[in-house]
>>> print(open('entry_22.cif').read())   # mmCIF, C-alpha atoms (C1' of nucleotides)
data_structure
#
loop_
_atom_site.label_atom_id
_atom_site.label_comp_id
_atom_site.auth_asym_id
_atom_site.auth_seq_id
_atom_site.Cartn_x
_atom_site.Cartn_y
_atom_site.Cartn_z
CA MET A 1 0.00 0.00 0.00
CA THR A 2 2.27 2.70 -1.23
CA LEU A 3 0.84 5.63 0.59
CA ARG A 4 3.25 7.53 -1.60
CA ALA A 5 0.41 7.82 -4.05
CA VAL A 6 -0.53 10.69 -1.83
CA GLY A 7 2.57 12.78 -2.31
CA ALA A 8 2.82 11.64 -5.88
CA SER A 9 -0.58 13.17 -6.37
CA ALA A 10 1.35 15.78 -8.27
CA GLY A 11 2.13 14.08 -11.57
CA VAL A 12 -0.60 11.49 -11.46
CA SER A 13 -4.16 11.59 -12.63
CA ARG A 14 -6.97 12.77 -10.41
CA GLY A 15 -8.59 9.41 -9.88
CA ALA A 16 -5.42 7.42 -9.21
CA PRO A 17 -5.65 7.42 -5.40
CA TYR A 18 -9.04 5.72 -5.55
CA GLY A 19 -7.38 2.41 -6.18
CA HIS A 20 -5.67 2.72 -2.80
CA PHE A 21 -8.23 4.57 -0.70
CA THR A 22 -11.97 4.22 -0.69
CA ASN A 23 -12.53 7.89 0.04
CA LYS A 24 -10.83 11.19 0.11
CA GLU A 25 -11.74 11.22 3.77
CA HIS A 26 -10.04 7.88 4.31
CA LEU A 27 -6.97 9.15 2.58
CA LEU A 28 -6.87 12.23 4.78
CA THR A 29 -7.54 10.18 7.87
CA GLU A 30 -4.50 8.08 7.04
CA LEU A 31 -2.47 11.26 6.71
CA ALA A 32 -3.75 12.40 10.09
CA ILE A 33 -2.82 9.09 11.66
CA GLY A 34 0.68 9.41 10.28
CA THR A 35 0.98 12.85 11.81
CA TRP A 36 -0.30 11.67 15.17
CA ASN A 37 2.17 8.81 15.15
CA SER A 38 5.22 10.79 14.18
CA LEU A 39 4.41 13.31 16.88
CA ALA A 40 3.97 10.50 19.39
CA ASP A 41 7.37 9.15 18.34
CA GLU A 42 8.89 12.55 18.93
CA VAL A 43 7.41 12.83 22.40
CA GLU A 44 8.32 9.27 23.22
CA ALA A 45 11.94 9.99 22.40
CA LEU A 46 11.70 12.98 24.69
CA ARG A 47 10.38 10.97 27.60
CA GLY A 48 13.55 9.01 28.06
CA ASP A 49 15.88 11.96 27.46
CA PRO A 50 17.78 12.76 30.68
CA GLY A 51 19.04 16.01 29.19
CA PHE A 52 16.02 17.92 30.45
CA GLU A 53 14.18 18.19 33.71
CA PRO A 54 10.52 17.14 33.72
CA GLY A 55 9.19 20.66 33.24
CA ALA A 56 11.42 21.27 30.26
CA ARG A 57 10.45 17.94 28.75
CA LEU A 58 6.79 18.82 28.98
CA GLU A 59 7.45 22.21 27.48
CA ARG A 60 9.23 20.63 24.55
CA ALA A 61 6.36 18.24 24.04
CA LEU A 62 3.80 21.04 23.90
CA LEU A 63 6.00 23.02 21.56
CA ALA A 64 6.35 19.96 19.36
CA LEU A 65 2.60 19.91 18.90
CA ILE A 66 2.54 23.59 18.09
CA ASP A 67 5.42 23.12 15.69
CA VAL A 68 3.35 20.74 13.64
CA ALA A 69 0.76 23.48 13.33
CA ARG A 70 3.39 25.99 12.28
CA ARG A 71 5.23 23.81 9.84
CA THR A 72 2.38 21.82 8.32
CA PRO A 73 -0.88 23.63 9.03
CA HIS A 74 -2.93 21.38 6.78
CA ARG A 75 -1.74 18.21 8.44
CA TYR A 76 -2.36 19.80 11.79
CA ALA A 77 -5.92 20.71 10.85
CA LEU A 78 -6.47 17.12 9.76
CA MET A 79 -5.44 15.80 13.15
CA PHE A 80 -8.23 17.74 14.78
CA SER A 81 -10.74 17.59 11.98
CA THR A 82 -14.13 16.31 13.01
CA SER A 83 -13.58 13.28 10.80
CA ALA A 84 -10.80 12.39 13.20
CA GLY A 85 -13.49 10.99 15.45
CA THR A 86 -13.14 7.72 13.60
CA PRO A 87 -11.92 4.89 15.84
CA VAL A 88 -8.81 4.31 13.75
CA ALA A 89 -7.66 7.87 14.18
CA ALA A 90 -8.69 8.01 17.82
CA GLU A 91 -6.34 5.15 18.53
CA ALA A 92 -3.40 6.95 16.98
CA ALA A 93 -4.31 10.07 18.90
CA SER A 94 -4.42 8.25 22.19
CA ARG A 95 -0.83 7.12 21.71
CA LEU A 96 0.22 10.75 21.90
CA GLU A 97 -2.16 11.34 24.77
CA ASN A 98 -0.50 8.60 26.77
CA GLU A 99 2.93 10.01 26.11
CA PHE A 100 1.69 13.36 27.31
CA LEU A 101 0.15 11.78 30.37
CA ALA A 102 3.43 10.23 31.34
CA LEU A 103 5.23 13.55 31.10
CA VAL A 104 2.53 15.31 33.08
CA ALA A 105 2.47 12.62 35.76
CA ASP A 106 6.16 13.26 36.38
CA ILE A 107 5.20 16.73 37.54
CA VAL A 108 1.78 16.60 39.15
CA GLY A 109 1.66 12.92 40.07
CA GLU A 110 -0.44 10.08 38.72
CA PRO A 111 -3.82 10.93 40.25
CA ASP A 112 -4.01 14.43 38.78
CA ALA A 113 -2.27 13.64 35.54
CA ARG A 114 -5.44 13.16 33.52
CA ARG A 115 -6.99 16.46 34.48
CA TYR A 116 -3.84 18.43 33.92
CA GLY A 117 -2.95 16.50 30.82
CA ALA A 118 -6.27 17.33 29.21
CA LEU A 119 -5.92 20.96 30.19
CA LEU A 120 -2.39 21.25 28.84
CA MET A 121 -3.11 19.53 25.56
CA SER A 122 -6.27 21.54 25.02
CA SER A 123 -4.49 24.75 25.81
CA ALA A 124 -1.59 23.97 23.54
CA HIS A 125 -4.06 23.10 20.81
CA GLY A 126 -5.80 26.42 21.38
CA ILE A 127 -2.57 28.34 21.28
CA ALA A 128 -1.69 26.67 18.00
CA GLY A 129 -5.12 27.47 16.62
CA MET A 130 -4.99 31.10 17.68
CA GLU A 131 -1.63 31.50 16.04
CA LEU A 132 -2.73 29.77 12.85
CA SER A 133 -5.79 31.97 12.51
CA GLY A 134 -3.73 35.09 13.12
CA HIS A 135 -5.52 35.99 16.33
CA LEU A 136 -2.34 35.98 18.37
CA ALA A 137 0.03 37.90 16.20
CA LYS A 138 -1.50 41.21 15.34
CA ASP A 139 -3.99 41.95 18.02
CA GLY A 140 -4.13 43.44 21.46
CA TRP A 141 -2.31 41.03 23.70
CA HIS A 142 1.39 41.29 23.09
CA VAL A 143 2.27 37.74 23.92
CA GLY A 144 4.06 35.06 21.98
CA VAL A 145 3.41 31.37 21.72
CA GLU A 146 6.49 30.45 23.71
CA GLN A 147 5.51 32.78 26.52
CA LEU A 148 2.06 31.23 26.77
CA VAL A 149 3.48 27.74 26.94
CA THR A 150 5.85 28.81 29.69
CA MET A 151 2.95 30.29 31.63
CA LEU A 152 1.06 27.02 31.28
CA ILE A 153 3.90 24.93 32.64
CA ASP A 154 4.62 27.35 35.44
CA GLY A 155 0.95 27.32 36.32
CA ILE A 156 0.91 23.65 37.20
CA ARG A 157 4.20 23.26 38.97
CA PRO A 158 3.68 23.94 42.67
CA GLY A 159 0.01 24.28 43.60
CA ALA A 160 -2.56 21.49 43.59
CA MET B 1 -27.96 44.92 2.15
CA THR B 2 -30.31 42.13 3.04
CA LEU B 3 -27.83 39.69 4.41
CA ARG B 4 -30.90 37.50 4.58
CA ALA B 5 -29.93 36.30 1.17
CA VAL B 6 -27.67 34.04 3.19
CA GLY B 7 -30.31 32.21 5.11
CA ALA B 8 -32.65 32.41 2.17
CA SER B 9 -30.03 30.54 0.24
CA ALA B 10 -32.50 27.72 0.48
CA GLY B 11 -35.10 28.63 -2.14
CA VAL B 12 -32.95 30.88 -4.27
CA SER B 13 -30.66 30.16 -7.16
CA ARG B 14 -27.06 29.27 -6.65
CA GLY B 15 -25.60 32.51 -7.95
CA ALA B 16 -27.97 34.87 -6.19
CA PRO B 17 -25.64 35.83 -3.31
CA TYR B 18 -23.07 37.12 -5.79
CA GLY B 19 -25.05 40.30 -6.19
CA HIS B 20 -24.48 41.00 -2.50
CA PHE B 21 -21.07 39.55 -1.83
CA THR B 22 -18.02 39.58 -4.03
CA ASN B 23 -16.89 36.17 -2.83
CA LYS B 24 -17.97 33.17 -0.95
CA GLU B 25 -15.14 34.01 1.39
CA HIS B 26 -16.49 37.52 1.90
CA LEU B 27 -19.91 36.10 2.66
CA LEU B 28 -18.45 33.75 5.23
CA THR B 29 -16.32 36.49 6.69
CA GLU B 30 -19.45 38.56 7.23
CA LEU B 31 -21.01 35.60 9.00
CA ALA B 32 -17.92 35.29 11.18
CA ILE B 33 -18.06 38.98 12.03
CA GLY B 34 -21.68 38.62 13.09
CA THR B 35 -20.74 35.76 15.36
CA TRP B 36 -17.87 37.68 16.90
CA ASN B 37 -20.14 40.63 17.53
CA SER B 38 -22.99 38.76 19.09
CA LEU B 39 -20.56 36.99 21.37
CA ALA B 40 -19.01 40.31 22.29
CA ASP B 41 -22.49 41.63 23.10
CA GLU B 42 -23.08 38.67 25.35
CA VAL B 43 -19.85 39.19 27.23
CA GLU B 44 -20.44 42.92 27.44
CA ALA B 45 -23.78 42.31 29.10
CA LEU B 46 -21.99 40.04 31.52
CA ARG B 47 -19.43 42.66 32.47
CA GLY B 48 -21.90 44.94 34.11
CA ASP B 49 -23.86 42.17 35.80
CA PRO B 50 -23.48 42.44 39.59
CA GLY B 51 -25.08 39.03 40.04
CA PHE B 52 -21.74 37.26 39.80
CA GLU B 53 -18.34 37.73 41.33
CA PRO B 54 -15.45 38.39 38.94
CA GLY B 55 -14.35 34.78 38.75
CA ALA B 56 -17.83 33.57 37.89
CA ARG B 57 -18.18 36.28 35.27
CA LEU B 58 -15.01 35.18 33.58
CA GLU B 59 -16.12 31.58 33.71
CA ARG B 60 -19.39 32.45 32.05
CA ALA B 61 -17.58 34.36 29.35
CA LEU B 62 -15.34 31.42 28.54
CA LEU B 63 -18.29 29.07 28.52
CA ALA B 64 -20.12 31.44 26.20
CA LEU B 65 -17.34 31.05 23.67
CA ILE B 66 -17.44 27.29 24.01
CA ASP B 67 -21.20 27.33 23.68
CA VAL B 68 -20.91 28.89 20.26
CA ALA B 69 -18.74 25.97 19.27
CA ARG B 70 -21.25 23.50 20.64
CA ARG B 71 -24.35 25.09 19.23
CA THR B 72 -23.09 26.32 15.87
CA PRO B 73 -19.88 24.52 15.04
CA HIS B 74 -19.69 25.89 11.52
CA ARG B 75 -19.99 29.48 12.62
CA TYR B 76 -17.41 28.81 15.29
CA ALA B 77 -15.00 27.37 12.76
CA LEU B 78 -15.49 30.47 10.64
CA MET B 79 -14.48 32.74 13.50
CA PHE B 80 -11.09 31.08 13.68
CA SER B 81 -10.68 30.25 10.04
CA THR B 82 -7.45 31.44 8.52
CA SER B 83 -9.42 33.79 6.33
CA ALA B 84 -10.37 35.54 9.55
CA GLY B 85 -7.01 37.26 9.33
CA THR B 86 -8.66 39.93 7.22
CA PRO B 87 -8.60 43.36 8.90
CA VAL B 88 -12.40 43.61 8.92
CA ALA B 89 -12.78 40.41 10.88
CA ALA B 90 -9.83 41.17 13.13
CA GLU B 91 -11.59 44.33 14.26
CA ALA B 92 -14.71 42.43 15.26
CA ALA B 93 -12.59 39.87 17.05
CA SER B 94 -10.76 42.52 19.02
CA ARG B 95 -14.06 43.77 20.42
CA LEU B 96 -14.49 40.44 22.15
CA GLU B 97 -10.86 40.41 23.15
CA ASN B 98 -11.28 43.72 24.92
CA GLU B 99 -14.33 42.51 26.76
CA PHE B 100 -12.33 39.52 27.88
CA LEU B 101 -9.45 41.71 28.92
CA ALA B 102 -11.72 43.77 31.17
CA LEU B 103 -13.00 40.66 32.90
CA VAL B 104 -9.50 39.28 33.33
CA ALA B 105 -8.15 42.56 34.64
CA ASP B 106 -10.73 42.44 37.43
CA ILE B 107 -8.99 39.36 38.70
CA VAL B 108 -5.29 39.61 37.95
CA GLY B 109 -4.96 43.39 37.60
CA GLU B 110 -4.28 45.54 34.57
CA PRO B 111 -0.59 44.84 34.03
CA ASP B 112 -0.98 41.09 33.73
CA ALA B 113 -4.34 41.12 32.02
CA ARG B 114 -2.96 40.75 28.52
CA ARG B 115 -0.85 37.70 29.26
CA TYR B 116 -3.56 35.94 31.16
CA GLY B 117 -6.25 37.02 28.77
CA ALA B 118 -4.41 35.53 25.84
CA LEU B 119 -3.82 32.34 27.77
CA LEU B 120 -7.43 32.00 28.84
CA MET B 121 -8.89 32.70 25.44
CA SER B 122 -6.46 30.37 23.73
CA SER B 123 -7.16 27.64 26.24
CA ALA B 124 -10.91 28.03 25.94
CA HIS B 125 -10.53 27.91 22.19
CA GLY B 126 -8.51 24.76 22.51
CA ILE B 127 -11.03 23.15 24.82
CA ALA B 128 -13.78 23.95 22.35
CA GLY B 129 -11.73 22.51 19.53
CA MET B 130 -10.90 19.33 21.39
CA GLU B 131 -14.54 18.79 22.17
CA LEU B 132 -15.63 19.48 18.61
CA SER B 133 -13.16 17.02 17.17
CA GLY B 134 -14.21 14.38 19.67
CA HIS B 135 -10.82 14.22 21.36
CA LEU B 136 -12.22 15.05 24.76
CA ALA B 137 -15.23 12.82 24.99
CA LYS B 138 -14.16 9.28 24.29
CA ASP B 139 -10.54 9.09 25.15
CA GLY B 140 -8.33 8.58 28.10
CA TRP B 141 -8.74 11.66 30.26
CA HIS B 142 -12.07 11.55 32.00
CA VAL B 143 -12.60 15.28 32.18
CA GLY B 144 -15.41 17.47 30.99
CA VAL B 145 -15.37 20.89 29.43
CA GLU B 146 -16.80 22.58 32.48
CA GLN B 147 -14.18 21.02 34.70
CA LEU B 148 -11.37 22.26 32.50
CA VAL B 149 -12.73 25.80 32.51
CA THR B 150 -12.98 25.72 36.27
CA MET B 151 -9.38 24.57 36.50
CA LEU B 152 -8.33 27.43 34.27
CA ILE B 153 -10.03 30.06 36.38
CA ASP B 154 -8.80 28.55 39.62
CA GLY B 155 -5.31 28.49 38.17
CA ILE B 156 -5.06 32.25 37.83
CA ARG B 157 -6.74 33.42 40.99
CA PRO B 158 -4.13 33.74 43.72
CA GLY B 159 -0.57 33.39 42.39
CA ALA B 160 1.23 35.81 40.10
"C1'" DC C 1 9.58 -18.38 -24.58
"C1'" DC C 2 4.63 -17.54 -24.49
"C1'" DC C 3 0.44 -16.87 -22.30
"C1'" DA C 4 -2.64 -15.69 -18.39
"C1'" DT C 5 -3.24 -13.20 -14.33
"C1'" DT C 6 -2.80 -9.08 -11.72
"C1'" DC C 7 -2.36 -4.49 -10.53
"C1'" DA C 8 -1.38 0.57 -11.12
"C1'" DG C 9 -2.65 4.05 -13.55
"C1'" DA C 10 -5.17 6.69 -17.62
"C1'" DT C 11 -9.42 8.18 -19.70
"C1'" DG C 12 -13.78 9.80 -19.96
"C1'" DA C 13 -18.08 10.60 -17.81
"C1'" DC C 14 -21.40 12.28 -14.04
"C1'" DG C 15 -22.91 15.50 -10.60
"C1'" DC C 16 -21.96 19.15 -7.62
"C1'" DT C 17 -20.01 23.74 -6.51
"C1'" DG C 18 -17.95 28.54 -7.07
"C1'" DT C 19 -18.17 32.10 -10.34
"C1'" DC C 20 -19.68 35.23 -13.84
"C1'" DA C 21 -21.98 37.37 -17.97
"C1'" DA C 22 -26.28 38.22 -19.87
"C1'" DG C 23 -31.12 38.46 -19.54
"C1'" DT C 24 -35.60 39.58 -17.19
"C1'" DA C 25 -39.34 40.91 -14.03
"C1'" DA C 26 -40.99 44.18 -10.33
"C1'" DG C 27 -40.82 48.61 -8.19
"C1'" DG C 28 -40.24 53.49 -7.89
"C1'" DT C 29 -39.18 58.25 -10.32
"C1'" DT C 30 -40.17 61.94 -13.21
"C1'" DA D 1 -45.53 56.39 -20.54
"C1'" DA D 2 -40.40 55.87 -20.68
"C1'" DC D 3 -36.57 55.11 -17.52
"C1'" DC D 4 -33.59 53.32 -14.10
"C1'" DT D 5 -32.51 50.41 -10.19
"C1'" DT D 6 -32.50 46.24 -7.74
"C1'" DA D 7 -32.93 41.42 -7.10
"C1'" DC D 8 -33.13 37.43 -9.14
"C1'" DT D 9 -32.80 33.62 -12.94
"C1'" DT D 10 -30.48 31.32 -16.63
"C1'" DG D 11 -26.87 29.28 -18.92
"C1'" DA D 12 -22.11 28.64 -19.27
"C1'" DC D 13 -17.26 27.44 -17.66
"C1'" DA D 14 -13.84 25.34 -14.74
"C1'" DG D 15 -12.52 22.50 -10.93
"C1'" DC D 16 -13.17 18.58 -7.90
"C1'" DG D 17 -14.74 13.96 -5.87
"C1'" DT D 18 -16.05 9.70 -7.67
"C1'" DC D 19 -16.61 5.75 -10.55
"C1'" DA D 20 -16.65 2.39 -14.53
"C1'" DT D 21 -13.90 1.04 -18.09
"C1'" DC D 22 -9.79 0.34 -20.56
"C1'" DT D 23 -4.64 0.05 -21.33
"C1'" DG D 24 -0.03 -1.33 -20.25
"C1'" DA D 25 3.40 -3.30 -17.72
"C1'" DA D 26 5.10 -6.70 -14.45
"C1'" DT D 27 4.77 -11.40 -12.69
"C1'" DG D 28 4.78 -16.34 -12.65
"C1'" DG D 29 3.60 -21.09 -14.56
"C1'" DG D 30 3.87 -24.21 -18.20
#
>>> encode(input="entry_22.cif", output="structure tokens")
Amino acid sequence: MTLRAVGASAGVSRGAPYGHFTNKEHLLTELAIGTWNSLADEVEALRGDPGFEPGARLERALLALIDVARRTPHRYALMFSTSAGTPVAAEAASRLENEFLALVADIVGEPDARRYGALLMSSAHGIAGMELSGHLAKDGWHVGVEQLVTMLIDGIRPGA
Amino acid sequence: MTLRAVGASAGVSRGAPYGHFTNKEHLLTELAIGTWNSLADEVEALRGDPGFEPGARLERALLALIDVARRTPHRYALMFSTSAGTPVAAEAASRLENEFLALVADIVGEPDARRYGALLMSSAHGIAGMELSGHLAKDGWHVGVEQLVTMLIDGIRPGA
DNA sequence: CCCATTCAGATGACGCTGTCAAGTAAGGTT
DNA sequence: AACCTTACTTGACAGCGTCATCTGAATGGG
């Protein structure tokens, strides 16, 4: 199943992918899954890295998510497209979620990891979205993406 | 400028709107602006309401944003679509931003309002997006939208 | 070495959608 | 009554998602 038919879509006729994928949506879902997985790989590699303290690791993980949005906005949108509710994609997504959870648990402890993990991932997703749509750059609040991520991490360090 | 041509789009020929809008994108931008404005109205009404303490007001404001996503997902997507980077839409968006800033300033004080305002709005946006794409409901973290918003507000109350 | 099977891709068609140029019907103005 | 404006329809074009059909090349058995 040469998924390369996707990239090769330049130079090949319009209907060619339909031998490999039943739908355009299926094709895009596969792309999304690939993105989820490569991001999960990235975070997984981070988890074992002793070069950073737990807070810094988590920060890198959040920035990795945002980097996907910056570098490949279309792929990023696919990851969170409503068609990503399909079970196949949800499974790929939960790999990344678990990696995140592990990083978060190192800071806030197991019992609170889920709550804080969901908050951090949602917030990072929101920051990425705000930047993508241009609502961070121009407007009133003079804050950058990196600053916001730092605030997030700092916000969960000491207190319960 | 009967913008009603939009809703009336059922029962009217395909090309009819092009007498009123130069583009489909312009039409959608106008829709987005309307959504921004009505949300800003809602939050503005909240600002003067003495029935809630500042924290509760802010919570309601964030939930109002998320409610748009829940009730009218397409409109919500328009608000943050990349084509919302147009100056016309940015102006409507900044009305809501300023309302938010006022609410946030009541809690963290003027000097920090921008930083925290950006963080809160981004996070609420992210929470809405995660819910829309189904990444909150099914998966690992057993947390609801309301819970996350509460955590956000609680997270900025005492500490600097 | 030849033939049969298989598989990737091309081609051409269908319907739908965004867009526009040209036409037309209703209303108000003088 | 003749005129102009405004809102809409009609018909056309291009692009895209999708499919049924065909071609062409690679593979493997005899």
>>> resolve_selection(input="entry_22.cif", expression="the PyMOL selection byres ((chain C) within 9 of (chain A))", output="mmCIF file with C-alpha atoms (C1' of nucleotides), in the frame of the given file")
data_model
loop_
_atom_site.group_PDB
_atom_site.id
_atom_site.type_symbol
_atom_site.label_atom_id
_atom_site.label_comp_id
_atom_site.auth_asym_id
_atom_site.auth_seq_id
_atom_site.Cartn_x
_atom_site.Cartn_y
_atom_site.Cartn_z
ATOM 1 C "C1'" DA C 8 -1.380 0.570 -11.120
ATOM 2 C "C1'" DG C 9 -2.650 4.050 -13.550
ATOM 3 C "C1'" DA C 10 -5.170 6.690 -17.620
#
>>> atom_distance(input="entry_22.cif", atom1="atom CA of Leu101 of chain A", atom2="atom CA of Arg70 of chain B")
26.3 Å
>>> residues_around(input="entry_22.cif", residues="Ala77 of chain B", least_positions_apart="5", cutoff="9 Å", atoms="all atoms listed in the file", output="list in words")
Ala32, Ala69, Thr72 and Gly129 of chain B
>>> resolve_selection(input="entry_22.cif", expression="the PyMOL selection byres ((chain D) within 10 of (chain A))", output="list of chain:residue names")
D:DC16, D:DG17, D:DT18, D:DC19
>>> interface_residues(input="entry_22.cif", of="chain B", to="chain A", cutoff="6 Å", atoms="all atoms listed in the file", output="PyMOL selection string")
chain B and resi 80-82+85+114+122-123+125-127+133-134+141
>>> write_last_selection(input="entry_22.cif", atoms="C-alpha atoms", output="mmCIF file, keeping the file's coordinate frame")
data_model
loop_
_atom_site.group_PDB
_atom_site.id
_atom_site.type_symbol
_atom_site.label_atom_id
_atom_site.label_comp_id
_atom_site.auth_asym_id
_atom_site.auth_seq_id
_atom_site.Cartn_x
_atom_site.Cartn_y
_atom_site.Cartn_z
ATOM 1 C CA PHE B 80 -11.090 31.080 13.680
ATOM 2 C CA SER B 81 -10.680 30.250 10.040
ATOM 3 C CA THR B 82 -7.450 31.440 8.520
ATOM 4 C CA GLY B 85 -7.010 37.260 9.330
ATOM 5 C CA ARG B 114 -2.960 40.750 28.520
ATOM 6 C CA SER B 122 -6.460 30.370 23.730
ATOM 7 C CA SER B 123 -7.160 27.640 26.240
ATOM 8 C CA HIS B 125 -10.530 27.910 22.190
ATOM 9 C CA GLY B 126 -8.510 24.760 22.510
ATOM 10 C CA ILE B 127 -11.030 23.150 24.820
ATOM 11 C CA SER B 133 -13.160 17.020 17.170
ATOM 12 C CA GLY B 134 -14.210 14.380 19.670
ATOM 13 C CA TRP B 141 -8.740 11.660 30.260
#
>>> atom_distance(input="entry_22.cif", atom1="atom CA of Asn37 of chain B", atom2="atom CA of Ala92 of chain B")
6.2 Å
>>> atom_distance(input="entry_22.cif", atom1="atom CA of Thr29 of chain B", atom2="atom CA of Glu44 of chain B")
22.1 Å
>>> resolve_selection(input="entry_22.cif", expression="the PyMOL selection byres ((chain D and resi 5) around 10)", output="list in words")
DG27 and DG28 of chain C; DC3, DC4, DT6 and DA7 of chain D
>>> residues_around(input="entry_22.cif", residues="segment 1-4 of chain C", least_positions_apart="6", cutoff="10 Å", atoms="only C-alpha atoms (C1' of nucleotides)", output="list in words")
DG28, DG29 and DG30 of chain D
>>> write_last_selection(input="entry_22.cif", atoms="C-alpha atoms (C1' of nucleotides)", output="PDB file, in the frame of the given file")
ATOM      1  C1'  DG D  28       4.780 -16.340 -12.650  1.00  0.00           C
ATOM      2  C1'  DG D  29       3.600 -21.090 -14.560  1.00  0.00           C
ATOM      3  C1'  DG D  30       3.870 -24.210 -18.200  1.00  0.00           C
TER       4       DG D  30
END
>>> axis_aligned_box(input="entry_22.cif", around="segment 124-132 of chain A", padding_each_side="8 Å", output="AutoDock Vina command-line options")
--center_x -3.7 --center_y 27.3 --center_z 18.2 --size_x 20.2 --size_y 24.4 --size_z 26.7
